[in-house]
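Visitor: Structure supplied as target15.cif; contents: mmCIF, C-alpha atoms and all ligand atoms.
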```cif
data_model
#
loop_
_atom_site.label_atom_id
_atom_site.label_comp_id
_atom_site.auth_asym_id
_atom_site.auth_seq_id
_atom_site.Cartn_x
_atom_site.Cartn_y
_atom_site.Cartn_z
CA MET Q 1 44.00 49.35 25.32
CA ARG Q 2 45.04 46.89 22.64
CA LEU Q 3 44.45 43.40 24.00
CA ILE Q 4 45.14 39.89 22.69
CA LEU Q 5 42.94 37.26 24.35
CA ILE Q 6 43.87 33.56 24.42
CA SER Q 7 40.77 31.36 24.56
CA THR Q 8 40.40 27.93 26.16
CA PRO Q 9 42.28 25.03 24.49
CA ILE Q 10 39.54 22.53 25.53
CA GLY Q 11 37.03 23.19 22.74
CA PHE Q 12 36.20 25.79 20.12
CA LEU Q 13 34.01 28.76 21.06
CA GLY Q 14 30.47 27.56 20.46
CA SER Q 15 31.19 23.86 21.13
CA GLY Q 16 30.11 23.91 24.80
CA ARG Q 17 33.20 21.89 25.75
CA GLY Q 18 34.93 25.02 27.02
CA GLY Q 19 32.20 25.40 29.69
CA GLY Q 20 31.53 28.83 31.15
CA VAL Q 21 34.73 30.28 29.66
CA GLU Q 22 33.05 30.43 26.25
CA LEU Q 23 30.28 32.77 27.40
CA THR Q 24 32.57 34.71 29.74
CA LEU Q 25 35.00 35.45 26.94
CA ASN Q 26 32.22 36.54 24.59
CA SER Q 27 30.62 38.90 27.08
CA LEU Q 28 33.99 40.37 28.04
CA VAL Q 29 34.86 40.99 24.39
CA ALA Q 30 31.46 42.64 23.79
CA GLY Q 31 32.06 44.87 26.81
CA LEU Q 32 35.64 45.75 25.84
CA VAL Q 33 34.61 46.67 22.30
CA GLU Q 34 31.75 48.80 23.63
CA LEU Q 35 34.20 50.60 25.91
CA GLY Q 36 36.39 51.39 22.88
CA HIS Q 37 39.24 48.92 23.36
CA SER Q 38 40.84 47.00 20.51
CA VAL Q 39 40.60 43.22 20.86
CA ILE Q 40 42.00 40.22 19.01
CA VAL Q 41 40.82 36.80 20.18
CA VAL Q 42 43.08 33.82 19.50
CA ALA Q 43 40.87 30.72 19.51
CA PRO Q 44 40.58 27.18 18.10
CA LEU Q 45 39.40 26.51 14.53
CA GLU Q 46 35.60 26.65 14.12
CA SER Q 47 35.29 29.22 16.92
CA LYS Q 48 32.67 31.93 16.55
CA LEU Q 49 32.25 35.11 18.53
CA SER Q 50 28.75 36.34 19.37
CA SER Q 51 27.26 39.05 17.13
CA ASN Q 52 27.78 41.65 19.91
CA CYS Q 53 31.53 41.22 19.49
CA ASN Q 54 31.53 42.89 16.06
CA GLY Q 55 34.60 45.05 15.99
CA ALA Q 56 36.83 42.43 17.61
CA GLU Q 57 39.12 40.36 15.43
CA LEU Q 58 39.13 36.57 15.60
CA SER Q 59 42.38 34.76 14.85
CA ILE Q 60 41.87 31.01 14.63
CA VAL Q 61 44.47 28.26 14.86
CA GLY Q 62 44.27 24.47 14.64
CA GLY Q 63 45.75 21.66 16.68
CA GLN Q 64 45.15 18.91 19.20
CA GLU Q 65 42.99 20.02 22.16
CA GLN Q 66 44.11 19.81 25.81
CA LYS Q 67 42.34 17.48 28.24
CA SER Q 68 40.27 19.43 30.75
CA TRP Q 69 41.77 19.61 34.24
CA GLN Q 70 38.55 18.84 36.09
CA HIS Q 71 38.77 15.36 34.59
CA GLN Q 72 42.36 14.61 35.57
CA ASP Q 73 43.89 13.70 38.91
CA TYR Q 74 45.26 16.57 40.97
CA ASP Q 75 48.78 15.15 40.69
CA SER Q 76 48.68 14.40 36.95
CA GLN Q 77 51.62 15.50 34.86
CA ILE Q 78 51.38 18.39 32.49
CA LYS Q 79 50.95 16.92 29.01
CA ILE Q 80 51.25 18.70 25.73
CA PRO Q 81 50.19 16.61 22.73
CA ARG Q 82 51.87 16.63 19.33
CA ASN Q 83 50.46 19.37 17.12
CA SER Q 84 49.27 21.10 20.30
CA LEU Q 85 46.47 23.63 20.02
CA LEU Q 86 47.61 25.34 23.22
CA VAL Q 87 51.14 25.82 21.85
CA ALA Q 88 49.71 27.12 18.56
CA MET Q 89 47.48 29.60 20.38
CA VAL Q 90 50.31 30.86 22.59
CA GLU Q 91 52.63 31.25 19.59
CA LYS Q 92 49.94 33.06 17.62
CA ALA Q 93 49.25 35.43 20.54
CA ILE Q 94 52.96 36.22 20.88
CA SER Q 95 53.32 36.84 17.16
CA LEU Q 96 50.35 39.26 17.23
CA SER Q 97 51.50 40.98 20.39
CA LYS Q 98 54.03 43.34 18.78
CA ASN Q 99 51.29 45.92 18.34
CA ALA Q 100 49.45 45.14 21.57
CA ASP Q 101 49.64 46.33 25.18
CA LEU Q 102 49.09 42.94 26.72
CA ILE Q 103 47.94 39.34 26.42
CA LEU Q 104 45.00 38.17 28.53
CA ASN Q 105 44.95 34.41 28.92
CA PHE Q 106 41.77 32.38 29.62
CA SER Q 107 43.26 28.90 29.42
CA TYR Q 108 43.66 27.08 32.72
CA ASP Q 109 46.94 25.45 31.78
CA TRP Q 110 50.61 25.44 32.66
CA LEU Q 111 52.26 26.81 29.52
CA PRO Q 112 50.82 30.34 29.26
CA ILE Q 113 51.24 30.88 33.00
CA TRP Q 114 54.87 29.76 32.88
CA MET Q 115 55.41 32.15 29.93
CA THR Q 116 54.70 35.13 32.23
CA LEU Q 117 58.29 35.14 33.49
CA ASN Q 118 59.75 34.31 30.10
CA ILE Q 119 58.43 36.81 27.56
CA ASP Q 120 58.61 40.60 27.39
CA ILE Q 121 54.97 41.25 26.59
CA PRO Q 122 52.86 41.44 29.78
CA ILE Q 123 50.64 38.40 30.08
CA PHE Q 124 47.73 38.31 32.54
CA HIS Q 125 45.55 35.40 33.57
CA LEU Q 126 41.87 35.26 34.34
CA ILE Q 127 41.85 31.97 36.23
CA SER Q 128 38.69 30.02 35.40
CA MET Q 129 38.90 27.17 37.91
CA ALA Q 130 39.59 26.58 41.54
CA ASN Q 131 42.69 24.57 42.44
CA GLU Q 132 42.31 21.50 40.18
CA SER Q 133 45.96 20.70 39.42
CA GLY Q 134 49.04 20.58 41.62
CA ALA Q 135 51.33 21.51 38.74
CA ILE Q 136 49.22 24.54 37.85
CA ASN Q 137 48.96 25.53 41.51
CA ASP Q 138 52.79 25.45 41.65
CA VAL Q 139 53.34 27.51 38.52
CA ILE Q 140 50.78 30.11 39.67
CA SER Q 141 52.52 30.23 43.05
CA ASN Q 142 55.91 30.70 41.40
CA VAL Q 143 54.77 33.49 39.09
CA TYR Q 144 52.65 35.05 41.85
CA SER Q 145 55.69 35.66 44.01
CA ASN Q 146 57.02 38.08 41.34
CA PHE Q 147 53.82 39.23 39.67
CA PRO Q 148 50.90 38.91 42.12
CA ASN Q 149 48.72 41.24 40.08
CA ASN Q 150 48.99 39.23 36.90
CA PHE Q 151 46.17 37.02 38.17
CA ALA Q 152 42.47 37.66 38.64
CA PHE Q 153 39.72 35.35 39.85
CA HIS Q 154 35.95 35.22 39.44
CA SER Q 155 35.08 34.83 43.14
CA LYS Q 156 36.72 35.07 46.56
CA VAL Q 157 35.96 31.45 47.35
CA GLN Q 158 37.65 30.34 44.12
CA ALA Q 159 40.79 32.38 44.94
CA SER Q 160 40.84 31.00 48.49
CA ASP Q 161 41.53 27.55 47.03
CA TYR Q 162 45.04 28.82 46.23
CA SER Q 163 46.49 29.00 49.73
CA PHE Q 164 49.31 31.44 48.84
CA ILE Q 165 47.04 34.15 47.37
CA LYS Q 166 46.85 36.97 49.87
CA LYS Q 167 44.93 39.81 48.21
CA PRO Q 168 43.21 38.39 45.13
CA ASN Q 169 41.93 40.55 42.28
CA ILE Q 170 38.26 39.57 42.01
CA VAL Q 171 36.43 40.51 38.82
CA GLY Q 172 33.19 38.50 39.09
CA ASN Q 173 31.66 37.83 35.72
CA GLY Q 174 29.34 39.52 33.24
CA PHE Q 175 26.38 38.80 30.99
CA GLU Q 176 24.88 40.59 28.01
CA LEU Q 177 21.49 41.30 29.50
CA ASN Q 178 19.79 42.00 26.17
CA ASN Q 179 20.25 38.32 25.44
CA TYR Q 180 18.11 37.31 28.44
CA LYS Q 181 14.41 38.10 28.57
CA TYR Q 182 12.88 38.56 32.01
CA GLN Q 183 9.90 36.22 32.49
CA SER Q 184 7.62 37.19 35.36
CA LEU Q 185 5.50 34.02 35.59
CA GLY Q 186 6.79 31.49 38.03
CA GLY Q 187 4.57 28.41 37.92
CA GLY Q 188 6.75 26.33 35.59
CA PRO Q 189 8.94 23.25 35.99
CA LEU Q 190 12.21 22.76 37.84
CA GLY Q 191 15.39 23.23 35.82
CA TRP Q 192 19.04 22.23 36.00
CA VAL Q 193 21.76 23.53 33.65
CA GLY Q 194 25.37 22.47 33.27
CA ARG Q 195 27.87 20.10 31.77
CA VAL Q 196 26.61 16.62 32.62
CA ALA Q 197 29.67 15.46 34.55
CA PRO Q 198 30.22 14.22 38.13
CA GLU Q 199 31.50 17.54 39.55
CA LYS Q 200 28.11 19.08 38.75
CA GLY Q 201 26.09 16.70 40.95
CA LEU Q 202 23.07 16.25 38.68
CA GLU Q 203 22.06 13.08 40.56
CA ASP Q 204 21.05 15.09 43.64
CA ALA Q 205 18.75 17.38 41.66
CA VAL Q 206 17.12 14.41 39.90
CA GLN Q 207 16.56 12.65 43.22
CA VAL Q 208 14.87 15.67 44.74
CA ALA Q 209 12.67 16.24 41.66
CA ASN Q 210 11.73 12.54 41.89
CA GLN Q 211 10.69 12.97 45.50
CA LEU Q 212 8.42 15.80 44.43
CA GLY Q 213 6.99 13.58 41.69
CA GLU Q 214 8.23 16.03 39.05
CA LYS Q 215 10.24 15.86 35.87
CA LEU Q 216 13.55 17.72 35.89
CA ASN Q 217 14.44 19.71 32.78
CA VAL Q 218 18.15 19.35 32.09
CA TRP Q 219 20.07 21.56 29.64
CA GLY Q 220 23.74 21.09 28.79
CA ILE Q 221 26.32 19.05 27.01
CA ILE Q 222 26.55 15.39 28.08
CA GLU Q 223 30.27 15.23 28.77
CA ASN Q 224 30.18 11.89 30.52
CA LYS Q 225 27.73 9.42 28.94
CA ASN Q 226 28.25 6.68 31.55
CA TYR Q 227 27.54 9.12 34.34
CA ALA Q 228 24.34 10.29 32.58
CA SER Q 229 23.06 6.73 32.04
CA ALA Q 230 23.86 5.77 35.64
CA ILE Q 231 21.69 8.66 36.85
CA GLU Q 232 18.89 7.65 34.51
CA GLU Q 233 19.01 4.04 35.71
CA LYS Q 234 18.77 5.07 39.35
CA SER Q 235 15.80 7.40 38.91
CA SER Q 236 12.16 6.65 38.16
CA SER Q 237 11.41 6.25 34.49
CA ASN Q 238 10.97 9.41 32.48
CA SER Q 239 11.95 11.65 35.34
CA ILE Q 240 14.51 13.59 33.30
CA SER Q 241 13.71 15.70 30.28
CA TRP Q 242 17.01 15.97 28.40
CA ARG Q 243 16.81 19.29 26.56
CA GLY Q 244 20.31 19.16 25.02
CA PHE Q 245 22.92 21.89 24.67
CA LEU Q 246 21.21 25.02 23.39
CA GLU Q 247 22.66 28.31 22.26
CA THR Q 248 21.96 31.20 24.63
CA SER Q 249 18.91 32.61 22.79
CA HIS Q 250 17.08 29.27 23.01
CA LEU Q 251 18.40 28.31 26.43
CA GLN Q 252 17.19 31.51 28.09
CA LYS Q 253 13.74 31.18 26.50
CA GLU Q 254 13.19 27.71 27.96
CA LEU Q 255 15.04 28.33 31.22
CA GLY Q 256 13.02 31.50 31.85
CA GLN Q 257 9.86 29.40 32.13
CA CYS Q 258 11.17 27.47 35.12
CA ARG Q 259 10.00 28.25 38.62
CA ALA Q 260 13.50 27.52 39.98
CA LEU Q 261 16.96 26.43 38.93
CA ILE Q 262 18.51 23.74 41.09
CA ASN Q 263 22.30 23.99 41.33
CA THR Q 264 24.12 21.11 42.96
CA PRO Q 265 27.89 21.52 42.53
CA LYS Q 266 30.14 18.94 44.14
CA TRP Q 267 33.29 20.98 43.53
CA ASN Q 268 34.47 24.50 44.29
CA GLU Q 269 32.75 26.11 41.32
CA ALA Q 270 34.85 29.14 40.27
CA TYR Q 271 31.75 31.20 39.53
CA GLY Q 272 28.70 29.42 38.10
CA ASN Q 273 27.52 31.20 34.95
CA VAL Q 274 24.27 29.25 34.79
CA VAL Q 275 23.21 30.65 38.17
CA VAL Q 276 23.37 34.23 36.86
CA GLU Q 277 21.78 33.30 33.54
CA ALA Q 278 18.78 31.90 35.42
CA LEU Q 279 18.57 35.01 37.63
CA ALA Q 280 18.73 37.21 34.51
CA CYS Q 281 15.55 35.50 33.26
CA GLY Q 282 13.89 36.03 36.65
CA VAL Q 283 14.39 32.44 37.78
CA PRO Q 284 15.35 32.04 41.47
CA VAL Q 285 18.18 29.61 42.21
CA ILE Q 286 18.45 27.06 44.97
CA SER Q 287 22.06 26.02 45.31
CA TYR Q 288 24.41 24.20 47.59
CA LYS Q 289 26.33 26.76 49.62
CA ARG Q 290 29.62 25.93 47.96
CA GLY Q 291 31.93 27.77 45.52
CA GLY Q 292 30.96 30.78 43.41
CA PRO Q 293 27.15 30.37 43.75
CA SER Q 294 27.50 31.00 47.50
CA GLU Q 295 28.72 34.54 46.68
CA ILE Q 296 26.12 35.17 43.97
CA ILE Q 297 22.80 34.08 45.48
CA LYS Q 298 21.25 36.32 48.14
CA HIS Q 299 19.60 33.88 50.52
CA GLY Q 300 15.88 34.66 50.79
CA GLU Q 301 16.03 37.38 48.10
CA THR Q 302 17.15 35.78 44.84
CA GLY Q 303 16.96 32.14 45.91
CA PHE Q 304 18.25 29.94 48.69
CA LEU Q 305 21.65 28.60 49.74
CA VAL Q 306 21.36 25.18 51.31
CA LYS Q 307 23.67 22.88 53.22
CA PRO Q 308 26.00 21.21 50.67
CA ASP Q 309 24.92 17.68 49.69
CA ASP Q 310 21.84 17.87 51.94
CA LYS Q 311 18.93 16.79 49.76
CA GLU Q 312 16.37 17.26 52.54
CA ASP Q 313 17.41 20.89 52.85
CA LEU Q 314 17.18 21.24 49.07
CA LEU Q 315 13.65 19.85 49.10
CA PHE Q 316 12.63 22.08 52.00
CA HIS Q 317 13.77 25.21 50.15
CA ILE Q 318 12.27 24.21 46.79
CA ARG Q 319 8.92 24.19 48.57
CA LYS Q 320 9.55 27.78 49.67
CA ILE Q 321 10.46 29.11 46.22
CA LYS Q 322 7.17 30.99 45.77
CA PHE Q 323 8.34 33.46 48.44
CA ILE Q 324 11.12 34.73 46.17
CA GLU Q 325 10.16 37.68 43.97
CA ARG Q 326 11.35 37.03 40.44
CA LYS Q 327 12.02 40.70 39.74
CA ASN Q 328 14.65 40.74 42.54
CA CYS Q 329 16.61 38.13 40.60
CA ARG Q 330 16.80 40.17 37.42
CA LYS Q 331 17.55 43.33 39.41
CA TRP Q 332 20.55 41.73 41.10
CA VAL Q 333 22.07 40.81 37.73
CA GLU Q 334 21.46 44.28 36.29
CA GLU Q 335 23.17 45.87 39.27
CA ASN Q 336 26.06 43.44 39.68
CA ALA Q 337 26.82 41.32 36.64
CA SER Q 338 26.20 43.09 33.32
CA HIS Q 339 28.85 42.71 30.62
CA LEU Q 340 29.85 46.36 31.04
CA ILE Q 341 30.29 46.08 34.81
CA PHE Q 342 32.50 43.05 34.17
CA ALA Q 343 34.52 44.69 31.36
CA ASN Q 344 35.12 47.74 33.56
CA LYS Q 345 36.36 45.57 36.44
CA VAL Q 346 38.72 43.71 34.11
CA ILE Q 347 40.06 46.97 32.63
CA ASN Q 348 40.57 48.47 36.10
CA TRP Q 349 42.51 45.38 37.13
CA LEU Q 350 44.66 45.40 33.97
CA GLU Q 351 45.38 49.14 34.15
CA MET Q 352 46.52 48.76 37.74
CA ALA Q 353 48.58 45.63 37.04
CA ILE Q 354 50.30 46.86 33.88
CA LYS Q 355 51.81 49.80 35.79
CA GLU Q 356 54.20 47.28 37.36
CA TYR Q 357 55.80 46.85 33.92
CA LYS Q 358 56.56 50.56 33.43
N1 LIG M 1 25.33 26.42 28.36
C1 LIG M 1 24.81 26.69 27.11
N2 LIG M 1 23.78 25.95 26.65
C2 LIG M 1 23.21 24.95 27.38
C3 LIG M 1 23.74 24.69 28.67
C4 LIG M 1 24.80 25.43 29.12
O1 LIG M 1 25.28 27.59 26.39
O2 LIG M 1 22.27 24.32 26.90
C5 LIG M 1 26.46 27.23 28.84
C6 LIG M 1 26.03 28.26 29.86
O3 LIG M 1 25.57 29.41 29.19
C7 LIG M 1 27.30 28.53 30.66
C8 LIG M 1 28.12 27.26 30.47
O4 LIG M 1 27.41 26.43 29.55
O5 LIG M 1 28.00 29.64 30.19
C9 LIG M 1 28.37 26.54 31.77
O6 LIG M 1 29.16 27.36 32.56
P1 LIG M 1 29.30 27.28 34.13
O7 LIG M 1 30.11 28.45 34.58
O8 LIG M 1 27.95 27.19 34.75
O9 LIG M 1 30.06 25.92 34.41
P2 LIG M 1 31.41 25.27 33.79
O10 LIG M 1 30.97 24.42 32.63
O11 LIG M 1 32.32 26.39 33.38
O12 LIG M 1 31.96 24.44 34.90
#
```
Represent the structure from my file as structure tokens, please.

Guide:
Amino acid sequence: MRLILISTPIGFLGSGRGGGVELTLNSLVAGLVELGHSVIVVAPLESKLSSNCNGAELSIVGGQEQKSWQHQDYDSQIKIPRNSLLVAMVEKAISLSKNADLILNFSYDWLPIWMTLNIDIPIFHLISMANESGAINDVISNVYSNFPNNFAFHSKVQASDYSFIKKPNIVGNGFELNNYKYQSLGGGPLGWVGRVAPEKGLEDAVQVANQLGEKLNVWGIIENKNYASAIEEKSSSNSISWRGFLETSHLQKELGQCRALINTPKWNEAYGNVVVEALACGVPVISYKRGGPSEIIKHGETGFLVKPDDKEDLLFHIRKIKFIERKNCRKWVEENASHLIFANKVINWLEMAIKEYK
């Protein structure tokens, strides 16, 4: 297939502002190229693809970024700024599409979804968030009634947030396993990885680490500085070790030394890349049973799923982490979430869906 991918309009690839979409897009491109497909990625200026994407073309465009939907009210209006990056990316994708089979859109925004009914080239959407915007919910619903197979989701629980979706295409997610080294020793610290923002619930993990008298290692971009300082003020001094936003090779090296990853989402996480990245390093995950992580973690085998927002339950299961065999964690990722498994699922979905255009 000849595919044009539209990246996220929230931040350039490599910035961390695009959240999990950045890694997801890179591992999909690596998988597609390995499977022999031709790929052009339309992305914001400064974007870089990972070295495993050699063979894919990167087409960069400039413009004003969109505001992320997880930080807007559900009923907010759709806004497109002057000199819009999103518009520039959509226009670029359309102009390149003459020699392509399809466009695959990664941006969780109104415009490219609305375009589905208004351009000739087939445009498909890998939806990266649960239902975070009424206007986007409505446009998906509208397009879905004519083209139900133009949408795919990362997890069943994410898709279930869209009440009108009957039989969702679920593609999971994928990771380039060579980038993650399995570490068999489990005596290390507790870790937490994610964008530091309220929907990620860092405060719960810090509180539990505090109760254990331990420091919590935190990796990720500080998206909301006030939120981060409020957590610091509430916890005992020096109880957080801020490790910053690291590129994958460094992140996995440090993360792999942890005895467990604590995952405390407050929202319906579409998937939860960091959960699988930890598992790939052999690190068991203890997570609230909410959103994507509830479909990834095998309770008692690769970690524990605990009652959402229940810090006592979190604490109870952290104390049981030594009963999880680290090799089971890595094995699950190898068998379920490699970049090639993911790329194959995406291709199967697209091949099935594109038949509706013929
Ligand atoms: N991440 C990273 N370096 C860090 C911390 C996080 O590259 O130091 C990446 C991580 O690899 C993952 C993304 O940030 O791909 C977070 O994605 P996730 O799906 O967990 O959550 P999202 O931000 O999309 O809500």

Visitor: Excluding Pro284 in chain Q and its own-chain neighbours fewer than 6 positions away, which residues fall within 6 Å of it when counting all atoms listed in the file? Please give them as a list in words.

Guide: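 Once the nearby chain positions are removed, what remains is Ala260, Thr302 and Gly303 of chain Q.
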
Visitor: Write out as a Markdown table the residues of chain Q that have any atom within 7 Å of an atom of ligand LIG 1 (chain M), one row each with the nearest atom pair and its distance in Å to one decimal, counting all atoms listed in the file, sorted by chain and then rising number.

Guide:
```
| residue | atom | partner | partner_atom | distance |
| --- | --- | --- | --- | --- |
| Q:Gly16 | CA | M:LIG1 | O4 | 6.0 |
| Q:Gly18 | CA | M:LIG1 | O10 | 6.9 |
| Q:Gly19 | CA | M:LIG1 | O10 | 3.3 |
| Q:Gly20 | CA | M:LIG1 | O6 | 3.1 |
| Q:Val21 | CA | M:LIG1 | O11 | 5.9 |
| Q:Glu22 | CA | M:LIG1 | O5 | 6.5 |
| Q:Leu23 | CA | M:LIG1 | O5 | 4.8 |
| Q:Thr24 | CA | M:LIG1 | O5 | 6.8 |
| Q:Val193 | CA | M:LIG1 | C3 | 5.5 |
| Q:Gly194 | CA | M:LIG1 | C4 | 5.1 |
| Q:Arg195 | CA | M:LIG1 | O10 | 5.4 |
| Q:Trp219 | CA | M:LIG1 | O2 | 4.5 |
| Q:Gly220 | CA | M:LIG1 | C3 | 3.6 |
| Q:Ile221 | CA | M:LIG1 | C3 | 6.4 |
| Q:Gly244 | CA | M:LIG1 | O2 | 5.8 |
| Q:Phe245 | CA | M:LIG1 | O2 | 3.4 |
| Q:Leu246 | CA | M:LIG1 | O2 | 3.7 |
| Q:Glu247 | CA | M:LIG1 | O1 | 4.9 |
| Q:Thr248 | CA | M:LIG1 | O1 | 5.2 |
| Q:Leu251 | CA | M:LIG1 | O2 | 5.6 |
| Q:Glu269 | CA | M:LIG1 | O12 | 6.7 |
| Q:Tyr271 | CA | M:LIG1 | O7 | 5.9 |
| Q:Gly272 | CA | M:LIG1 | O7 | 3.9 |
| Q:Asn273 | CA | M:LIG1 | O7 | 3.8 |
| Q:Val274 | CA | M:LIG1 | O8 | 4.2 |
| Q:Val275 | CA | M:LIG1 | O8 | 6.8 |
| Q:Glu277 | CA | M:LIG1 | O3 | 7.0 |
```

Visitor: From the options Q:Asp73, Q:Glu199, Q:Asn99, Q:Phe175, which residue's atoms come nearest to Ala343 in chain Q, counting only C-alpha atoms?

Guide: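 Closest residue, counting only C-alpha atoms: Q:Phe175.
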
Visitor: Neighbouring residues of Ala353 in chain Q were defined as those with any atom within 10 Å, considering only C-alpha atoms; residues of the same chain fewer than 5 positions away were excluded. Please report them as a PDB file with C-alpha atoms, in the coordinates of the input.

Guide:
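What ended up in around_24.pdb:
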```
ATOM      1  CA  PRO Q 122      52.860  41.440  29.780  1.00  0.00           C
ATOM      2  CA  PHE Q 124      47.730  38.310  32.540  1.00  0.00           C
ATOM      3  CA  PHE Q 147      53.820  39.230  39.670  1.00  0.00           C
ATOM      4  CA  PRO Q 148      50.900  38.910  42.120  1.00  0.00           C
ATOM      5  CA  ASN Q 149      48.720  41.240  40.080  1.00  0.00           C
ATOM      6  CA  ASN Q 150      48.990  39.230  36.900  1.00  0.00           C
ATOM      7  CA  PHE Q 151      46.170  37.020  38.170  1.00  0.00           C
ATOM      8  CA  ASN Q 169      41.930  40.550  42.280  1.00  0.00           C
ATOM      9  CA  ILE Q 347      40.060  46.970  32.630  1.00  0.00           C
ATOM     10  CA  ASN Q 348      40.570  48.470  36.100  1.00  0.00           C
TER      11      ASN Q 348
END
```

Visitor: Using all atoms listed in the file, which residue out of Q:Leu85, Q:Leu32, Q:Val41, Q:Leu255 lies closest to Leu185 in chain Q?

Guide: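 Counting all atoms listed in the file, the residue closest to Leu185 in chain Q is Q:Leu255.
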
Visitor: Show me the residues around (27.5, 29.1, 40.2) - criterion: an atom at most 12 Å away, all atoms listed in the file counted - as a ChimeraX atom specification.

Guide: /Q:20,129,154-155,157-158,172-173,192-194,200,261-279,285-297,305

Visitor: Could you check which of Q:Glu57, Q:Glu335, Q:Glu65, Q:Asp204 is closest to Val39 in chain Q, using all atoms listed in the file?

Guide: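 Smallest separation from Val39 in chain Q among the options: Q:Glu57.
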
Visitor: Have a look at Q:Gln64, Q:Lys345, Q:Phe12, Q:Lys298 and name the one nearest to Leu49 in chain Q; count all atoms listed in the file.

Guide: Q:Phe12

Visitor: Which polymer residues have any atom within 9 Å of an atom of Lys311 in chain Q, counting all atoms listed in the file, with same-chain residues fewer than 6 positions away left out, as a PyMOL selection string?

Guide: chain Q and resi 204-205+207-208

Visitor: For CA of Val218 in chain Q and CA of Val283 in chain Q, quote the distance in Å rounded to one decimal.

Guide: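 Here the two named atoms are 14.8 Å from each other.
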
Visitor: From the options Q:Ser241, Q:Ser76, Q:Gln183, Q:Ser338, which residue's atoms come nearest to Glu325 in chain Q, counting only C-alpha atoms?

Guide: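 The shortest atom-to-atom distance to Glu325 in chain Q comes from Q:Gln183.
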
Visitor: Between CA of Glu34 in chain Q and CA of Trp349 in chain Q, what is the spacing in Å?

Guide: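 Between CA of Trp349 in chain Q and CA of Glu34 in chain Q the gap is 17.6 Å.
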
Visitor: Residues at most 10 Å from Asn344 in chain Q, counting all atoms listed in the file, excluding those fewer than 6 positions away in the same chain, as a ChimeraX atom specification?

Guide: /Q:28,31-32,35,171,350

Visitor: Which one is closest to Pro189 in chain Q: Q:Ile321, Q:Val42, Q:Ala228, Q:Val143? Count all atoms listed in the file.

Guide: Q:Ile321

Visitor: Considering only C-alpha atoms, return as a list in words whatever protein or nucleic-acid residues lie within 8 Å of Ala135 in chain Q, sequence-local ones (same chain, fewer than 3 positions apart) excluded.

Guide: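 Everything that qualifies: Asp75, Ser76, Gln77, Ile78, Trp110, Asp138 and Val139 of chain Q.
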
Visitor: So what do you get for CA of Asp161 in chain Q versus CA of His317 in chain Q, distance-wise?

Guide: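 CA of His317 in chain Q lies 28.0 Å from CA of Asp161 in chain Q.
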